[in-house]
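A.B. asks: Got a structure for you, target.pdb, holding PDB, N, CA and C atoms.
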ATOM      1  N   MET D   1     209.324 159.583 181.633
ATOM      2  CA  MET D   1     209.940 158.453 182.289
ATOM      3  C   MET D   1     210.726 158.965 183.495
ATOM      4  N   SER D   2     210.467 158.322 184.643
ATOM      5  CA  SER D   2     211.175 158.732 185.851
ATOM      6  C   SER D   2     211.400 157.522 186.751
ATOM      7  N   ILE D   3     212.242 157.710 187.761
ATOM      8  CA  ILE D   3     212.513 156.651 188.728
ATOM      9  C   ILE D   3     211.720 156.951 189.984
ATOM     10  N   VAL D   4     210.973 155.934 190.443
ATOM     11  CA  VAL D   4     210.136 156.058 191.633
ATOM     12  C   VAL D   4     210.667 155.082 192.675
ATOM     13  N   TYR D   5     210.767 155.545 193.934
ATOM     14  CA  TYR D   5     211.214 154.687 195.026
ATOM     15  C   TYR D   5     210.008 154.313 195.877
ATOM     16  N   HIS D   6     209.891 153.027 196.184
ATOM     17  CA  HIS D   6     208.768 152.540 196.985
ATOM     18  C   HIS D   6     209.309 151.646 198.102
ATOM     19  N   THR D   7     208.879 151.900 199.346
ATOM     20  CA  THR D   7     209.318 151.098 200.485
ATOM     21  C   THR D   7     208.237 150.090 200.837
ATOM     22  N   ASP D   8     208.626 148.825 200.911
ATOM     23  CA  ASP D   8     207.711 147.758 201.287
ATOM     24  C   ASP D   8     207.471 147.856 202.797
ATOM     25  N   LYS D   9     206.217 147.953 203.216
ATOM     26  CA  LYS D   9     205.893 148.137 204.629
ATOM     27  C   LYS D   9     206.230 146.903 205.460
ATOM     28  N   ARG D  10     206.054 145.713 204.872
ATOM     29  CA  ARG D  10     206.294 144.482 205.626
ATOM     30  C   ARG D  10     207.777 144.258 205.898
ATOM     31  N   SER D  11     208.603 144.442 204.864
ATOM     32  CA  SER D  11     210.023 144.127 205.007
ATOM     33  C   SER D  11     210.890 145.359 205.258
ATOM     34  N   GLY D  12     210.393 146.533 204.914
ATOM     35  CA  GLY D  12     211.176 147.749 205.082
ATOM     36  C   GLY D  12     212.202 147.958 203.977
ATOM     37  N   ILE D  13     212.132 147.156 202.918
ATOM     38  CA  ILE D  13     213.082 147.244 201.807
ATOM     39  C   ILE D  13     212.566 148.262 200.792
ATOM     40  N   THR D  14     213.470 149.094 200.302
ATOM     41  CA  THR D  14     213.110 150.095 199.300
ATOM     42  C   THR D  14     213.485 149.575 197.915
ATOM     43  N   TYR D  15     212.533 149.655 196.989
ATOM     44  CA  TYR D  15     212.741 149.227 195.614
ATOM     45  C   TYR D  15     212.646 150.423 194.681
ATOM     46  N   ALA D  16     213.385 150.368 193.576
ATOM     47  CA  ALA D  16     213.355 151.430 192.571
ATOM     48  C   ALA D  16     212.584 150.922 191.355
ATOM     49  N   TYR D  17     211.678 151.747 190.853
ATOM     50  CA  TYR D  17     210.868 151.413 189.692
ATOM     51  C   TYR D  17     211.033 152.479 188.621
ATOM     52  N   GLU D  18     210.935 152.053 187.371
ATOM     53  CA  GLU D  18     210.901 152.991 186.263
ATOM     54  C   GLU D  18     209.425 153.228 185.953
ATOM     55  N   SER D  19     208.993 154.463 186.025
ATOM     56  CA  SER D  19     207.588 154.800 185.844
ATOM     57  C   SER D  19     207.387 155.498 184.500
ATOM     58  N   LYS D  20     206.455 154.962 183.702
ATOM     59  CA  LYS D  20     206.127 155.558 182.404
ATOM     60  C   LYS D  20     204.660 155.977 182.429
ATOM     61  N   SER D  21     204.395 157.245 182.151
ATOM     62  CA  SER D  21     203.031 157.755 182.133
ATOM     63  C   SER D  21     202.431 157.626 180.737
ATOM     64  N   TYR D  22     201.119 157.345 180.696
ATOM     65  CA  TYR D  22     200.409 157.268 179.424
ATOM     66  C   TYR D  22     198.946 157.664 179.649
ATOM     67  N   TRP D  23     198.276 157.988 178.575
ATOM     68  CA  TRP D  23     196.874 158.389 178.634
ATOM     69  C   TRP D  23     195.988 157.180 178.365
ATOM     70  N   ASP D  24     195.093 156.889 179.309
ATOM     71  CA  ASP D  24     194.154 155.783 179.155
ATOM     72  C   ASP D  24     192.904 156.324 178.463
ATOM     73  N   LYS D  25     192.650 155.859 177.238
ATOM     74  CA  LYS D  25     191.536 156.373 176.445
ATOM     75  C   LYS D  25     190.181 155.960 177.013
ATOM     76  N   GLU D  26     190.107 154.797 177.640
ATOM     77  CA  GLU D  26     188.831 154.322 178.168
ATOM     78  C   GLU D  26     188.372 155.139 179.372
ATOM     79  N   THR D  27     189.260 155.325 180.341
ATOM     80  CA  THR D  27     188.885 156.061 181.544
ATOM     81  C   THR D  27     189.115 157.562 181.401
ATOM     82  N   LYS D  28     189.801 157.955 180.334
ATOM     83  CA  LYS D  28     190.137 159.354 180.072
ATOM     84  C   LYS D  28     190.883 159.975 181.263
ATOM     85  N   MET D  29     191.845 159.189 181.726
ATOM     86  CA  MET D  29     192.684 159.636 182.842
ATOM     87  C   MET D  29     194.125 159.218 182.570
ATOM     88  N   PRO D  30     195.087 159.957 183.151
ATOM     89  CA  PRO D  30     196.481 159.521 183.004
ATOM     90  C   PRO D  30     196.754 158.304 183.897
ATOM     91  N   ARG D  31     197.525 157.406 183.401
ATOM     92  CA  ARG D  31     197.925 156.205 184.150
ATOM     93  C   ARG D  31     199.449 156.082 184.080
ATOM     94  N   CYS D  32     199.990 155.204 184.905
ATOM     95  CA  CYS D  32     201.427 154.972 184.828
ATOM     96  C   CYS D  32     201.719 153.478 184.874
ATOM     97  N   LYS D  33     202.751 153.094 184.162
ATOM     98  CA  LYS D  33     203.212 151.714 184.108
ATOM     99  C   LYS D  33     204.555 151.670 184.815
ATOM    100  N   ARG D  34     204.661 150.816 185.844
ATOM    101  CA  ARG D  34     205.908 150.709 186.586
ATOM    102  C   ARG D  34     206.620 149.408 186.245
ATOM    103  N   THR D  35     207.935 149.509 186.099
ATOM    104  CA  THR D  35     208.787 148.349 185.849
ATOM    105  C   THR D  35     209.876 148.334 186.916
ATOM    106  N   LEU D  36     210.024 147.195 187.581
ATOM    107  CA  LEU D  36     211.015 147.092 188.646
ATOM    108  C   LEU D  36     212.430 147.178 188.087
ATOM    109  N   ILE D  37     213.230 148.036 188.675
ATOM    110  CA  ILE D  37     214.644 148.151 188.306
ATOM    111  C   ILE D  37     215.473 147.310 189.269
ATOM    112  N   GLY D  38     215.268 147.524 190.580
ATOM    113  CA  GLY D  38     216.045 146.767 191.551
ATOM    114  C   GLY D  38     215.844 147.252 192.969
ATOM    115  N   ARG D  39     216.637 146.699 193.845
ATOM    116  CA  ARG D  39     216.586 146.992 195.268
ATOM    117  C   ARG D  39     217.569 148.123 195.579
ATOM    118  N   VAL D  40     217.162 149.036 196.448
ATOM    119  CA  VAL D  40     217.995 150.185 196.788
ATOM    120  C   VAL D  40     218.763 149.890 198.072
ATOM    121  N   ASN D  41     220.087 150.078 198.027
ATOM    122  CA  ASN D  41     220.926 149.929 199.208
ATOM    123  C   ASN D  41     220.716 151.172 200.066
ATOM    124  N   PRO D  42     220.229 151.005 201.325
ATOM    125  CA  PRO D  42     219.906 152.188 202.138
ATOM    126  C   PRO D  42     221.135 153.016 202.533
ATOM    127  N   GLU D  43     222.304 152.409 202.596
ATOM    128  CA  GLU D  43     223.500 153.146 203.014
ATOM    129  C   GLU D  43     224.100 153.960 201.876
ATOM    130  N   THR D  44     224.187 153.344 200.680
ATOM    131  CA  THR D  44     224.846 154.017 199.563
ATOM    132  C   THR D  44     223.864 154.615 198.558
ATOM    133  N   GLY D  45     222.621 154.151 198.573
ATOM    134  CA  GLY D  45     221.643 154.624 197.598
ATOM    135  C   GLY D  45     221.794 153.945 196.246
ATOM    136  N   GLU D  46     222.685 152.956 196.159
ATOM    137  CA  GLU D  46     222.929 152.233 194.907
ATOM    138  C   GLU D  46     221.760 151.287 194.625
ATOM    139  N   ILE D  47     221.391 151.158 193.359
ATOM    140  CA  ILE D  47     220.306 150.273 192.948
ATOM    141  C   ILE D  47     220.916 148.966 192.450
ATOM    142  N   LYS D  48     220.575 147.852 193.130
ATOM    143  CA  LYS D  48     221.068 146.533 192.743
ATOM    144  C   LYS D  48     219.959 145.816 191.969
ATOM    145  N   PRO D  49     220.202 145.423 190.717
ATOM    146  CA  PRO D  49     219.155 144.765 189.931
ATOM    147  C   PRO D  49     218.629 143.496 190.614
ATOM    148  N   THR D  50     217.321 143.302 190.572
ATOM    149  CA  THR D  50     216.686 142.135 191.169
ATOM    150  C   THR D  50     215.380 141.846 190.444
ATOM    151  N   ASP D  51     214.852 140.620 190.647
ATOM    152  CA  ASP D  51     213.560 140.305 190.053
ATOM    153  C   ASP D  51     212.431 140.581 191.044
ATOM    154  N   GLY D  52     212.775 140.974 192.286
ATOM    155  CA  GLY D  52     211.779 141.367 193.264
ATOM    156  C   GLY D  52     211.206 140.229 194.079
ATOM    157  N   ARG D  53     211.610 139.004 193.801
ATOM    158  CA  ARG D  53     211.039 137.867 194.519
ATOM    159  C   ARG D  53     212.062 137.168 195.400
ATOM    160  N   CYS D  54     213.246 137.738 195.523
ATOM    161  CA  CYS D  54     214.327 137.161 196.334
ATOM    162  C   CYS D  54     214.577 135.712 195.952
ATOM    163  N   ARG D  55     214.548 135.445 194.677
ATOM    164  CA  ARG D  55     214.765 134.085 194.192
ATOM    165  C   ARG D  55     216.238 133.747 194.274
ATOM    166  N   LYS D  56     216.535 132.522 194.698
ATOM    167  CA  LYS D  56     217.930 132.099 194.783
ATOM    168  C   LYS D  56     218.526 131.925 193.389
ATOM    169  N   ASN D  57     217.709 131.544 192.438
ATOM    170  CA  ASN D  57     218.214 131.310 191.088
ATOM    171  C   ASN D  57     217.936 132.496 190.171
ATOM    172  N   SER D  58     217.945 133.678 190.735
ATOM    173  CA  SER D  58     217.768 134.883 189.955
ATOM    174  C   SER D  58     218.935 135.023 188.980
ATOM    175  N   PRO D  59     218.698 135.540 187.775
ATOM    176  CA  PRO D  59     219.812 135.697 186.838
ATOM    177  C   PRO D  59     220.891 136.633 187.363
ATOM    178  N   TYR D  60     220.561 137.465 188.355
ATOM    179  CA  TYR D  60     221.541 138.385 188.922
ATOM    180  C   TYR D  60     222.307 137.758 190.081
ATOM    181  N   ASN D  61     221.832 136.625 190.575
ATOM    182  CA  ASN D  61     222.433 136.008 191.749
ATOM    183  C   ASN D  61     222.735 134.540 191.461
ATOM    184  N   LYS D  62     223.587 134.280 190.490
ATOM    185  CA  LYS D  62     223.946 132.908 190.132
ATOM    186  C   LYS D  62     225.072 132.420 191.033
ATOM    187  N   PRO D  63     224.841 131.306 191.760
ATOM    188  CA  PRO D  63     225.923 130.768 192.580
ATOM    189  C   PRO D  63     226.982 130.105 191.707
ATOM    190  N   GLU D  64     228.192 130.037 192.239
ATOM    191  CA  GLU D  64     229.277 129.374 191.523
ATOM    192  C   GLU D  64     228.968 127.887 191.435
ATOM    193  N   PRO D  65     229.145 127.271 190.260
ATOM    194  CA  PRO D  65     228.862 125.836 190.155
ATOM    195  C   PRO D  65     229.852 125.012 190.977
ATOM    196  N   THR D  66     229.324 124.008 191.680
ATOM    197  CA  THR D  66     230.164 123.133 192.487
ATOM    198  C   THR D  66     230.772 122.064 191.585
ATOM    199  N   GLU D  67     231.692 121.284 192.143
ATOM    200  CA  GLU D  67     232.309 120.190 191.379
ATOM    201  C   GLU D  67     231.243 119.203 190.920
ATOM    202  N   GLU D  68     230.264 118.953 191.792
ATOM    203  CA  GLU D  68     229.177 118.030 191.465
ATOM    204  C   GLU D  68     228.364 118.558 190.281
ATOM    205  N   ASP D  69     228.088 119.861 190.267
ATOM    206  CA  ASP D  69     227.347 120.462 189.161
ATOM    207  C   ASP D  69     228.116 120.323 187.849
ATOM    208  N   LYS D  70     229.433 120.528 187.919
ATOM    209  CA  LYS D  70     230.260 120.419 186.712
ATOM    210  C   LYS D  70     230.238 118.997 186.165
ATOM    211  N   ILE D  71     230.307 118.020 187.070
ATOM    212  CA  ILE D  71     230.264 116.617 186.640
ATOM    213  C   ILE D  71     228.907 116.294 186.021
ATOM    214  N   MET D  72     227.830 116.773 186.656
ATOM    215  CA  MET D  72     226.479 116.498 186.134
ATOM    216  C   MET D  72     226.293 117.115 184.743
ATOM    217  N   GLU D  73     226.830 118.303 184.534
ATOM    218  CA  GLU D  73     226.741 118.930 183.210
ATOM    219  C   GLU D  73     227.510 118.126 182.172
ATOM    220  N   ARG D  74     228.641 117.545 182.594
ATOM    221  CA  ARG D  74     229.456 116.764 181.662
ATOM    222  C   ARG D  74     228.764 115.465 181.274
ATOM    223  N   ILE D  75     228.087 114.808 182.236
ATOM    224  CA  ILE D  75     227.488 113.506 181.926
ATOM    225  C   ILE D  75     226.039 113.602 181.453
ATOM    226  N   LYS D  76     225.429 114.760 181.538
ATOM    227  CA  LYS D  76     224.028 114.922 181.140
ATOM    228  C   LYS D  76     223.761 114.474 179.696
ATOM    229  N   PRO D  77     224.583 114.882 178.724
ATOM    230  CA  PRO D  77     224.284 114.474 177.343
ATOM    231  C   PRO D  77     224.675 113.028 177.018
ATOM    232  N   MET D  78     225.338 112.323 177.936
ATOM    233  CA  MET D  78     225.793 110.961 177.660
ATOM    234  C   MET D  78     224.612 109.986 177.619
ATOM    235  N   LYS D  79     224.752 108.945 176.812
ATOM    236  CA  LYS D  79     223.734 107.904 176.728
ATOM    237  C   LYS D  79     224.014 106.850 177.791
ATOM    238  N   VAL D  80     223.046 105.968 178.009
ATOM    239  CA  VAL D  80     223.157 104.961 179.055
ATOM    240  C   VAL D  80     224.386 104.075 178.848
ATOM    241  N   ALA D  81     224.631 103.637 177.629
ATOM    242  CA  ALA D  81     225.784 102.776 177.349
ATOM    243  C   ALA D  81     227.089 103.502 177.676
ATOM    244  N   GLU D  82     227.173 104.777 177.327
ATOM    245  CA  GLU D  82     228.370 105.556 177.631
ATOM    246  C   GLU D  82     228.548 105.705 179.139
ATOM    247  N   LEU D  83     227.426 105.891 179.845
ATOM    248  CA  LEU D  83     227.496 106.023 181.298
ATOM    249  C   LEU D  83     227.962 104.722 181.948
ATOM    250  N   ARG D  84     227.498 103.590 181.440
ATOM    251  CA  ARG D  84     227.941 102.300 181.981
ATOM    252  C   ARG D  84     229.443 102.120 181.777
ATOM    253  N   LYS D  85     229.937 102.483 180.598
ATOM    254  CA  LYS D  85     231.374 102.390 180.329
ATOM    255  C   LYS D  85     232.154 103.298 181.284
ATOM    256  N   GLU D  86     231.620 104.490 181.531
ATOM    257  CA  GLU D  86     232.259 105.440 182.447
ATOM    258  C   GLU D  86     232.292 104.872 183.863
ATOM    259  N   ILE D  87     231.211 104.226 184.291
ATOM    260  CA  ILE D  87     231.152 103.623 185.628
ATOM    261  C   ILE D  87     232.197 102.522 185.753
ATOM    262  N   VAL D  88     232.294 101.654 184.745
ATOM    263  CA  VAL D  88     233.279 100.570 184.769
ATOM    264  C   VAL D  88     234.689 101.143 184.829
ATOM    265  N   ARG D  89     234.959 102.165 184.028
ATOM    266  CA  ARG D  89     236.280 102.786 184.023
ATOM    267  C   ARG D  89     236.622 103.366 185.391
ATOM    268  N   LEU D  90     235.645 104.035 186.019
ATOM    269  CA  LEU D  90     235.886 104.633 187.329
ATOM    270  C   LEU D  90     236.071 103.563 188.411
ATOM    271  N   GLU D  91     235.305 102.474 188.320
ATOM    272  CA  GLU D  91     235.468 101.397 189.297
ATOM    273  C   GLU D  91     236.849 100.749 189.177
ATOM    274  N   LEU D  92     237.326 100.560 187.935
ATOM    275  CA  LEU D  92     238.662 100.013 187.732
ATOM    276  C   LEU D  92     239.725 100.957 188.280
ATOM    277  N   GLU D  93     239.534 102.234 188.052
ATOM    278  CA  GLU D  93     240.479 103.233 188.555
ATOM    279  C   GLU D  93     240.495 103.240 190.085
ATOM    280  N   LEU D  94     239.309 103.127 190.686
ATOM    281  CA  LEU D  94     239.203 103.090 192.141
ATOM    282  C   LEU D  94     239.893 101.856 192.712
ATOM    283  N   THR D  95     239.673 100.701 192.076
ATOM    284  CA  THR D  95     240.313  99.460 192.518
ATOM    285  C   THR D  95     241.831  99.575 192.429
ATOM    286  N   ALA D  96     242.321 100.145 191.342
ATOM    287  CA  ALA D  96     243.765 100.315 191.174
ATOM    288  C   ALA D  96     244.334 101.227 192.256
ATOM    289  N   LEU D  97     243.627 102.281 192.589
ATOM    290  CA  LEU D  97     244.092 103.198 193.635
ATOM    291  C   LEU D  97     244.089 102.524 195.012
ATOM    292  N   LYS D  98     243.053 101.717 195.272
ATOM    293  CA  LYS D  98     243.001 101.008 196.552
ATOM    294  C   LYS D  98     244.148 100.004 196.661
ATOM    295  N   ASN D  99     244.429  99.296 195.567
ATOM    296  CA  ASN D  99     245.544  98.342 195.565
ATOM    297  C   ASN D  99     246.876  99.059 195.773
ATOM    298  N   LYS D 100     247.024 100.202 195.143
ATOM    299  CA  LYS D 100     248.248 100.986 195.265
ATOM    300  C   LYS D 100     248.422 101.455 196.710
ATOM    301  N   GLU D 101     247.312 101.843 197.333
ATOM    302  CA  GLU D 101     247.343 102.307 198.715
ATOM    303  C   GLU D 101     247.719 101.158 199.659
ATOM    304  N   LYS D 102     247.169  99.954 199.403
ATOM    305  CA  LYS D 102     247.478  98.797 200.238
ATOM    306  C   LYS D 102     248.957  98.432 200.142
ATOM    307  N   THR D 103     249.487  98.444 198.919
ATOM    308  CA  THR D 103     250.900  98.084 198.747
ATOM    309  C   THR D 103     251.811  99.126 199.375
ATOM    310  N   SER D 104     251.447 100.393 199.274
ATOM    311  CA  SER D 104     252.283 101.431 199.894
ATOM    312  C   SER D 104     252.161 101.366 201.409
ATOM    313  N   GLY D 105     251.007 100.952 201.931
ATOM    314  CA  GLY D 105     250.823 100.798 203.372
ATOM    315  C   GLY D 105     251.644  99.647 203.912
ATOM    316  N   LYS D 106     251.736  98.542 203.164
ATOM    317  CA  LYS D 106     252.527  97.391 203.587
ATOM    318  C   LYS D 106     254.013  97.722 203.580
ATOM    319  N   SER D 107     254.467  98.457 202.581
ATOM    320  CA  SER D 107     255.887  98.801 202.504
ATOM    321  C   SER D 107     256.291  99.734 203.634
ATOM    322  N   LYS D 108     255.386 100.597 204.092
ATOM    323  CA  LYS D 108     255.681 101.491 205.205
ATOM    324  C   LYS D 108     255.833 100.694 206.490
ATOM    325  N   LYS D 109     254.959  99.669 206.682
ATOM    326  CA  LYS D 109     255.035  98.833 207.871
ATOM    327  C   LYS D 109     256.317  98.009 207.895
ATOM    328  N   SER D 110     256.730  97.497 206.744
ATOM    329  CA  SER D 110     257.941  96.675 206.691
ATOM    330  C   SER D 110     259.193  97.511 206.934
ATOM    331  N   LYS D 111     259.158  98.781 206.565
ATOM    332  CA  LYS D 111     260.321  99.656 206.784
ATOM    333  C   LYS D 111     260.490  99.973 208.270
ATOM    334  N   GLU D 112     259.395  99.980 209.013
ATOM    335  CA  GLU D 112     259.460 100.313 210.435
ATOM    336  C   GLU D 112     259.995  99.132 211.152
TER
END
The structure in this file should be written as structure tokens.
C.D. replies:
Amino acid sequence: MSIVYHTDKRSGITYAYESKSYWDKETKMPRCKRTLIGRVNPETGEIKPTDGRCRKNSPYNKPEPTEEDKIMERIKPMKVAELRKEIVRLELELTALKNKEKTSGKSKKSKE
């Protein structure tokens, strides 16, 4: 077992592979099986784990969940009836906030 470095000609990126040698009984020749380890940083020589496809949703490159993602995860298991109740509750809360804003806006004008 050894580490092999291979540079992609198209992109110029160097990848590190774990190479395992074995004997192929059919062809009666030695063969090797390569498994991708990761991408090599050209400045430091450090190997960064990757799946090799530059996927945005790679398990090594998970973006931080946004507020919207957190809300979607919270409401995903809810049933339709629960979601309707949640919508009504939020609409009532929004109306109350708008009314509060209007009353505070009127009091500011009267003070001036």
A.B. asks: With only C-alpha atoms counted, which protein, DNA or RNA residues have an atom no more than 12 Å from (208.1, 144.6, 198.5) in the file frame? Please answer as a PDB file with N, CA and C atoms, in the frame of the given file.
C.D. replies:
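File written: out.pdb
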ATOM      1  N   TYR D   5     210.767 155.545 193.934  1.00  0.00           N
ATOM      2  CA  TYR D   5     211.214 154.687 195.026  1.00  0.00           C
ATOM      3  C   TYR D   5     210.008 154.313 195.877  1.00  0.00           C
ATOM      4  N   HIS D   6     209.891 153.027 196.184  1.00  0.00           N
ATOM      5  CA  HIS D   6     208.768 152.540 196.985  1.00  0.00           C
ATOM      6  C   HIS D   6     209.309 151.646 198.102  1.00  0.00           C
ATOM      7  N   THR D   7     208.879 151.900 199.346  1.00  0.00           N
ATOM      8  CA  THR D   7     209.318 151.098 200.485  1.00  0.00           C
ATOM      9  C   THR D   7     208.237 150.090 200.837  1.00  0.00           C
ATOM     10  N   ASP D   8     208.626 148.825 200.911  1.00  0.00           N
ATOM     11  CA  ASP D   8     207.711 147.758 201.287  1.00  0.00           C
ATOM     12  C   ASP D   8     207.471 147.856 202.797  1.00  0.00           C
ATOM     13  N   LYS D   9     206.217 147.953 203.216  1.00  0.00           N
ATOM     14  CA  LYS D   9     205.893 148.137 204.629  1.00  0.00           C
ATOM     15  C   LYS D   9     206.230 146.903 205.460  1.00  0.00           C
ATOM     16  N   ARG D  10     206.054 145.713 204.872  1.00  0.00           N
ATOM     17  CA  ARG D  10     206.294 144.482 205.626  1.00  0.00           C
ATOM     18  C   ARG D  10     207.777 144.258 205.898  1.00  0.00           C
ATOM     19  N   SER D  11     208.603 144.442 204.864  1.00  0.00           N
ATOM     20  CA  SER D  11     210.023 144.127 205.007  1.00  0.00           C
ATOM     21  C   SER D  11     210.890 145.359 205.258  1.00  0.00           C
ATOM     22  N   GLY D  12     210.393 146.533 204.914  1.00  0.00           N
ATOM     23  CA  GLY D  12     211.176 147.749 205.082  1.00  0.00           C
ATOM     24  C   GLY D  12     212.202 147.958 203.977  1.00  0.00           C
ATOM     25  N   ILE D  13     212.132 147.156 202.918  1.00  0.00           N
ATOM     26  CA  ILE D  13     213.082 147.244 201.807  1.00  0.00           C
ATOM     27  C   ILE D  13     212.566 148.262 200.792  1.00  0.00           C
ATOM     28  N   THR D  14     213.470 149.094 200.302  1.00  0.00           N
ATOM     29  CA  THR D  14     213.110 150.095 199.300  1.00  0.00           C
ATOM     30  C   THR D  14     213.485 149.575 197.915  1.00  0.00           C
ATOM     31  N   TYR D  15     212.533 149.655 196.989  1.00  0.00           N
ATOM     32  CA  TYR D  15     212.741 149.227 195.614  1.00  0.00           C
ATOM     33  C   TYR D  15     212.646 150.423 194.681  1.00  0.00           C
ATOM     34  N   ALA D  16     213.385 150.368 193.576  1.00  0.00           N
ATOM     35  CA  ALA D  16     213.355 151.430 192.571  1.00  0.00           C
ATOM     36  C   ALA D  16     212.584 150.922 191.355  1.00  0.00           C
ATOM     37  N   TYR D  17     211.678 151.747 190.853  1.00  0.00           N
ATOM     38  CA  TYR D  17     210.868 151.413 189.692  1.00  0.00           C
ATOM     39  C   TYR D  17     211.033 152.479 188.621  1.00  0.00           C
ATOM     40  N   LEU D  36     210.024 147.195 187.581  1.00  0.00           N
ATOM     41  CA  LEU D  36     211.015 147.092 188.646  1.00  0.00           C
ATOM     42  C   LEU D  36     212.430 147.178 188.087  1.00  0.00           C
ATOM     43  N   GLY D  38     215.268 147.524 190.580  1.00  0.00           N
ATOM     44  CA  GLY D  38     216.045 146.767 191.551  1.00  0.00           C
ATOM     45  C   GLY D  38     215.844 147.252 192.969  1.00  0.00           C
ATOM     46  N   ARG D  39     216.637 146.699 193.845  1.00  0.00           N
ATOM     47  CA  ARG D  39     216.586 146.992 195.268  1.00  0.00           C
ATOM     48  C   ARG D  39     217.569 148.123 195.579  1.00  0.00           C
ATOM     49  N   VAL D  40     217.162 149.036 196.448  1.00  0.00           N
ATOM     50  CA  VAL D  40     217.995 150.185 196.788  1.00  0.00           C
ATOM     51  C   VAL D  40     218.763 149.890 198.072  1.00  0.00           C
ATOM     52  N   THR D  50     217.321 143.302 190.572  1.00  0.00           N
ATOM     53  CA  THR D  50     216.686 142.135 191.169  1.00  0.00           C
ATOM     54  C   THR D  50     215.380 141.846 190.444  1.00  0.00           C
ATOM     55  N   ASP D  51     214.852 140.620 190.647  1.00  0.00           N
ATOM     56  CA  ASP D  51     213.560 140.305 190.053  1.00  0.00           C
ATOM     57  C   ASP D  51     212.431 140.581 191.044  1.00  0.00           C
ATOM     58  N   GLY D  52     212.775 140.974 192.286  1.00  0.00           N
ATOM     59  CA  GLY D  52     211.779 141.367 193.264  1.00  0.00           C
ATOM     60  C   GLY D  52     211.206 140.229 194.079  1.00  0.00           C
ATOM     61  N   ARG D  53     211.610 139.004 193.801  1.00  0.00           N
ATOM     62  CA  ARG D  53     211.039 137.867 194.519  1.00  0.00           C
ATOM     63  C   ARG D  53     212.062 137.168 195.400  1.00  0.00           C
ATOM     64  N   CYS D  54     213.246 137.738 195.523  1.00  0.00           N
ATOM     65  CA  CYS D  54     214.327 137.161 196.334  1.00  0.00           C
ATOM     66  C   CYS D  54     214.577 135.712 195.952  1.00  0.00           C
TER      67      CYS D  54
END
A.B. asks: Could you list the residues chosen by the PyMOL selection byres ((chain D and resi 3) around 6) in this structure as a ChimeraX atom specification?
C.D. replies: /D:1-2,4-5,17-19
A.B. asks: Take CA of Lys48 in chain D and CA of Thr35 in chain D and report the distance between them in Å, one decimal.
C.D. replies: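 Those two atoms sit 14.2 Å apart.
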A.B. asks: Could you state the separation of CA of Lys20 in chain D and atom C of Cys32 in chain D in Å, given to one decimal place?
C.D. replies: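 Distance reported for this atom pair: 5.5 Å.
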A.B. asks: Which value, in Å to one decimal, gives the distance between CA of Ile71 in chain D and atom N of Leu90 in chain D?
C.D. replies: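 Distance between the two atoms: 13.7 Å.
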A.B. asks: Box for range 35-41 of chain D: with edges along x, y and z, all listed atoms inside and 3 Å added on each side, what are the centre and edge lengths in Å to one decimal, as JSON?
C.D. replies:
{"center_x": 214.4, "center_y": 148.9, "center_z": 193.0, "size_x": 19.0, "size_y": 10.5, "size_z": 20.2}
